[in-house]
Amino acid sequence: MKKIYTFLIVFLISIGFSQENLKNNLVAIPPVPGYYDTATGSGYELKTQLYNIIKNHIDRGYSGLYTTYTTSDKDYYFENNGTVLDMYTENPSGTDIFEYTYGGSFPDGTPHQDNGSGGTIEGQHYNREHLIPQSVFLSATPMYSDAHFIPPADKYVNGQRGDLPFGKVSVASNTYSNGSKKGTNLNSGYSAGYSGQVFEPIDEFKGDIARMIFYFVTRYEDLVANWNYPMFNNTSNQVFTSNAINILLTWSMNDPVSQKEIDRNLAVYNRQNNRNPFIDHPEYAISIWGNLLSNSNYDKLETVSVYPNPSDDSKININSEIQIDLIELVTINGQIIKNIKNPEFISNEFSIENINSGFYFLRLTSNNQITVKKVIIN
């Protein structure tokens, strides 16, 4: 993987899951001291506090997105050549098949930026991808031009995704150059609860997209209950269906904040004068929606138990009557602090010791099936 992870400060916060402190959770520092001083609550109260902090941003207009992209979405992380960073075609572990440059043209003089033509195959143009489709909010402003959830994207793949929600593809009907795909949702595991067509980005960018969507529903808390979309439940507090929040929280946990996101957040802030709180503080998502995260995702893993939980002695025990292939202990912003392959259970028991105080996810894998359990160490 060529992703560069940068975390700038240890942040201790209580998030209402009965623990006292969260340790070793690293977050970005906003450029304005005190930006989040009023974000003192938890749950939906915290979301409303964040809404009041980030609302009333400067709308630079739809055409202004292309200007924003020249500072927010250049590739200085993978090829490191300043080309358009498109999450739908970027290959993090190899050479990109298609690349665009800002202000660039193809040999025939056709511009890389969308000019109203093409879009029938990959590599013809890049344009603007509304991660929450503009049809949901009838292309109204300021949503229509809010760069925090509208990244640049290959025009063809953008059109292929269309209005589809995000999810975990079971059988792909289409797969694109970097491995992004669309197809029927895998209606089991963390993506259980939806059986329609979905679009799935590659693992490298799943967390990026989740945090952009968290921003969207928070910034537009006062409007979102009126919008119909398969990921939404027509409320202003929970906002998401149980299927959607399990997918987004899982993606956010598995793909932690990257330097790319931190830099993009600052670039958009410099244009719009508001920030994405879920990049600065990824733990906010858990504080708001964490109680909705399914503890058990596959029927065959539902018998696995973890105890004591909460634990007062820096230790947890795992009891399982099925084979566990991988144990991962993950902080709330996605740092894997324990990675145990093929653990040796004795009398169906396995113990993890010397765990610092905090809130964690315990991710268990068995025969390519995964369950995630919440763990508290006091």
# chains A, B, ... in the order shown; residues from 1 in each chain; ligands from 1

$ closest_atom_pairs --of "range 221-288 of chain A" --to "range 154-168 of chain A" --cutoff "7 Å" --atoms "only C-alpha atoms" --output "CSV"
residue,atom,partner,partner_atom,distance
A:Pro230,CA,A:Pro165,CA,6.5
A:Met231,CA,A:Pro165,CA,6.4
A:Ile247,CA,A:Gly167,CA,6.6

$ residues_around --residues "Glu283 in chain A" --least-positions-apart "5" --cutoff "8 Å" --atoms "only C-alpha atoms" --output "list in words"
Phe278, Ile332 and Asn333 of chain A

$ residues_around --residues "Val239 in chain A" --least-positions-apart "2" --cutoff "12 Å" --atoms "only C-alpha atoms" --output "count of residues only"
34

$ closest_residue --among "A:Gln335, A:Gln124, A:Arg211, A:Ser305" --to "His281 in chain A" --atoms "only C-alpha atoms"
A:Arg211

$ closest_residue --among "A:Ile97, A:Val171, A:Val257, A:Met212" --to "His130 in chain A" --atoms "only C-alpha atoms"
A:Met212

$ closest_atom_pairs --of "range 119-223 of chain A" --to "range 263-271 of chain A" --cutoff "10 Å" --atoms "only C-alpha atoms" --output "tab-separated table"
residue	atom	partner	partner_atom	distance
A:Asp146	CA	A:Val268	CA	9.1
A:Ala147	CA	A:Val268	CA	6.6
A:His148	CA	A:Val268	CA	6.7
A:Pro151	CA	A:Arg264	CA	9.9

$ write_last_selection --atoms "N, CA and C atoms" --output "short mmCIF file (atom, residue, chain, number, x, y, z; two decimals), in the first residue's frame"
data_model
loop_
_atom_site.label_atom_id
_atom_site.label_comp_id
_atom_site.auth_asym_id
_atom_site.auth_seq_id
_atom_site.Cartn_x
_atom_site.Cartn_y
_atom_site.Cartn_z
N ASP A 146 -20.84 21.67 -2.70
CA ASP A 146 -20.08 21.53 -1.46
C ASP A 146 -18.95 20.53 -1.68
N ALA A 147 -17.73 21.02 -1.74
CA ALA A 147 -16.57 20.19 -2.11
C ALA A 147 -16.27 19.11 -1.08
N HIS A 148 -16.74 19.25 0.14
CA HIS A 148 -16.43 18.25 1.17
C HIS A 148 -16.99 16.87 0.83
N PRO A 151 -15.91 14.92 -4.70
CA PRO A 151 -14.56 14.81 -5.23
C PRO A 151 -14.56 14.69 -6.75
#

$ select_by_dssp --residues "range 138-257 of chain A" --states "alpha helix (DSSP H)" --output "PyMOL selection string"
chain A and resi 155-161+203-219+242-254

$ write_last_selection --atoms "C-alpha atoms" --output "mmCIF file, in the first residue's frame"
data_model
loop_
_atom_site.group_PDB
_atom_site.id
_atom_site.type_symbol
_atom_site.label_atom_id
_atom_site.label_comp_id
_atom_site.auth_asym_id
_atom_site.auth_seq_id
_atom_site.Cartn_x
_atom_site.Cartn_y
_atom_site.Cartn_z
ATOM 1 C CA LYS A 155 -16.759 10.644 -15.939
ATOM 2 C CA TYR A 156 -17.550 7.127 -17.125
ATOM 3 C CA VAL A 157 -17.252 5.454 -13.717
ATOM 4 C CA ASN A 158 -19.180 8.327 -12.155
ATOM 5 C CA GLY A 159 -21.979 7.718 -14.642
ATOM 6 C CA GLN A 160 -21.824 3.976 -14.064
ATOM 7 C CA ARG A 161 -22.288 4.497 -10.338
ATOM 8 C CA ASP A 203 -10.470 -0.590 0.261
ATOM 9 C CA GLU A 204 -7.983 2.300 0.036
ATOM 10 C CA PHE A 205 -10.797 4.832 -0.207
ATOM 11 C CA LYS A 206 -13.686 3.261 1.687
ATOM 12 C CA GLY A 207 -12.967 5.274 4.834
ATOM 13 C CA ASP A 208 -12.524 8.494 2.847
ATOM 14 C CA ILE A 209 -15.980 8.082 1.330
ATOM 15 C CA ALA A 210 -17.579 7.121 4.646
ATOM 16 C CA ARG A 211 -16.213 10.264 6.327
ATOM 17 C CA MET A 212 -17.416 12.446 3.436
ATOM 18 C CA ILE A 213 -20.919 11.014 3.847
ATOM 19 C CA PHE A 214 -20.781 11.532 7.625
ATOM 20 C CA TYR A 215 -19.961 15.171 6.869
ATOM 21 C CA PHE A 216 -22.884 15.485 4.463
ATOM 22 C CA VAL A 217 -25.568 14.251 6.850
ATOM 23 C CA THR A 218 -24.158 16.422 9.654
ATOM 24 C CA ARG A 219 -23.761 19.617 7.613
ATOM 25 C CA SER A 242 -29.033 0.124 9.949
ATOM 26 C CA ASN A 243 -27.494 -1.350 6.803
ATOM 27 C CA ALA A 244 -25.871 1.946 5.798
ATOM 28 C CA ILE A 245 -24.437 2.807 9.203
ATOM 29 C CA ASN A 246 -22.909 -0.644 9.598
ATOM 30 C CA ILE A 247 -21.234 -0.293 6.212
ATOM 31 C CA LEU A 248 -19.985 3.244 6.809
ATOM 32 C CA LEU A 249 -18.713 2.656 10.339
ATOM 33 C CA THR A 250 -16.966 -0.539 9.233
ATOM 34 C CA TRP A 251 -15.307 1.248 6.320
ATOM 35 C CA SER A 252 -14.291 4.179 8.508
ATOM 36 C CA MET A 253 -12.787 1.809 11.075
ATOM 37 C CA ASN A 254 -10.965 -0.371 8.548
#

$ atom_distance --atom1 "CA of Asn91 in chain A" --atom2 "CA of Asn178 in chain A"
5.2 Å

$ residues_around --residues "Thr101 in chain A" --least-positions-apart "3" --cutoff "6 Å" --atoms "only C-alpha atoms" --output "number ranges by chain"
A: 83-84, 104

$ select_by_dssp --residues "range 26-192 of chain A" --states "strand (DSSP E or B)" --output "PyMOL selection string"
chain A and resi 26-27+74+84+105+111+113+126-128+152-154+166+169-175+181-185

$ residues_around --residues "range 313-330 of chain A" --least-positions-apart "6" --cutoff "12 Å" --atoms "only C-alpha atoms" --output "ChimeraX atom specification"
/A:24-25,250,252-256,299-307,336-378

$ atom_distance --atom1 "CA of Thr89 in chain A" --atom2 "CA of Ser177 in chain A"
5.9 Å

$ closest_residue --among "A:Ser63, A:Gly41, A:Lys55, A:Gln113" --to "Arg275 in chain A" --atoms "only C-alpha atoms"
A:Lys55

$ residues_around --residues "Pro142 in chain A" --least-positions-apart "4" --cutoff "9 Å" --atoms "only C-alpha atoms" --output "list in words"
His57, Ile58, Asp59, Arg60, Gly61 and Asp146 of chain A

$ write_last_selection --atoms "N, CA and C atoms" --output "compact mmCIF listing (two decimals), in the first residue's frame"
# COMPACT_ATOMS: atom_id res chain seq x y z
N HIS A 57 -21.26 27.66 5.48
CA HIS A 57 -20.00 27.76 4.77
C HIS A 57 -20.14 28.63 3.53
N ILE A 58 -19.01 29.00 2.96
CA ILE A 58 -19.00 29.81 1.74
C ILE A 58 -19.26 28.90 0.53
N ASP A 59 -20.26 29.24 -0.25
CA ASP A 59 -20.59 28.47 -1.46
C ASP A 59 -19.83 29.08 -2.63
N ARG A 60 -18.86 28.33 -3.15
CA ARG A 60 -18.03 28.82 -4.27
C ARG A 60 -18.65 28.52 -5.63
N GLY A 61 -19.83 27.94 -5.64
CA GLY A 61 -20.50 27.65 -6.90
C GLY A 61 -20.05 26.35 -7.53
N ASP A 146 -20.84 21.67 -2.70
CA ASP A 146 -20.08 21.53 -1.46
C ASP A 146 -18.95 20.53 -1.68

$ residues_around --residues "Tyr194 in chain A" --least-positions-apart "2" --cutoff "7 Å" --atoms "only C-alpha atoms" --output "PyMOL selection string"
chain A and resi 185+187+192+196+243
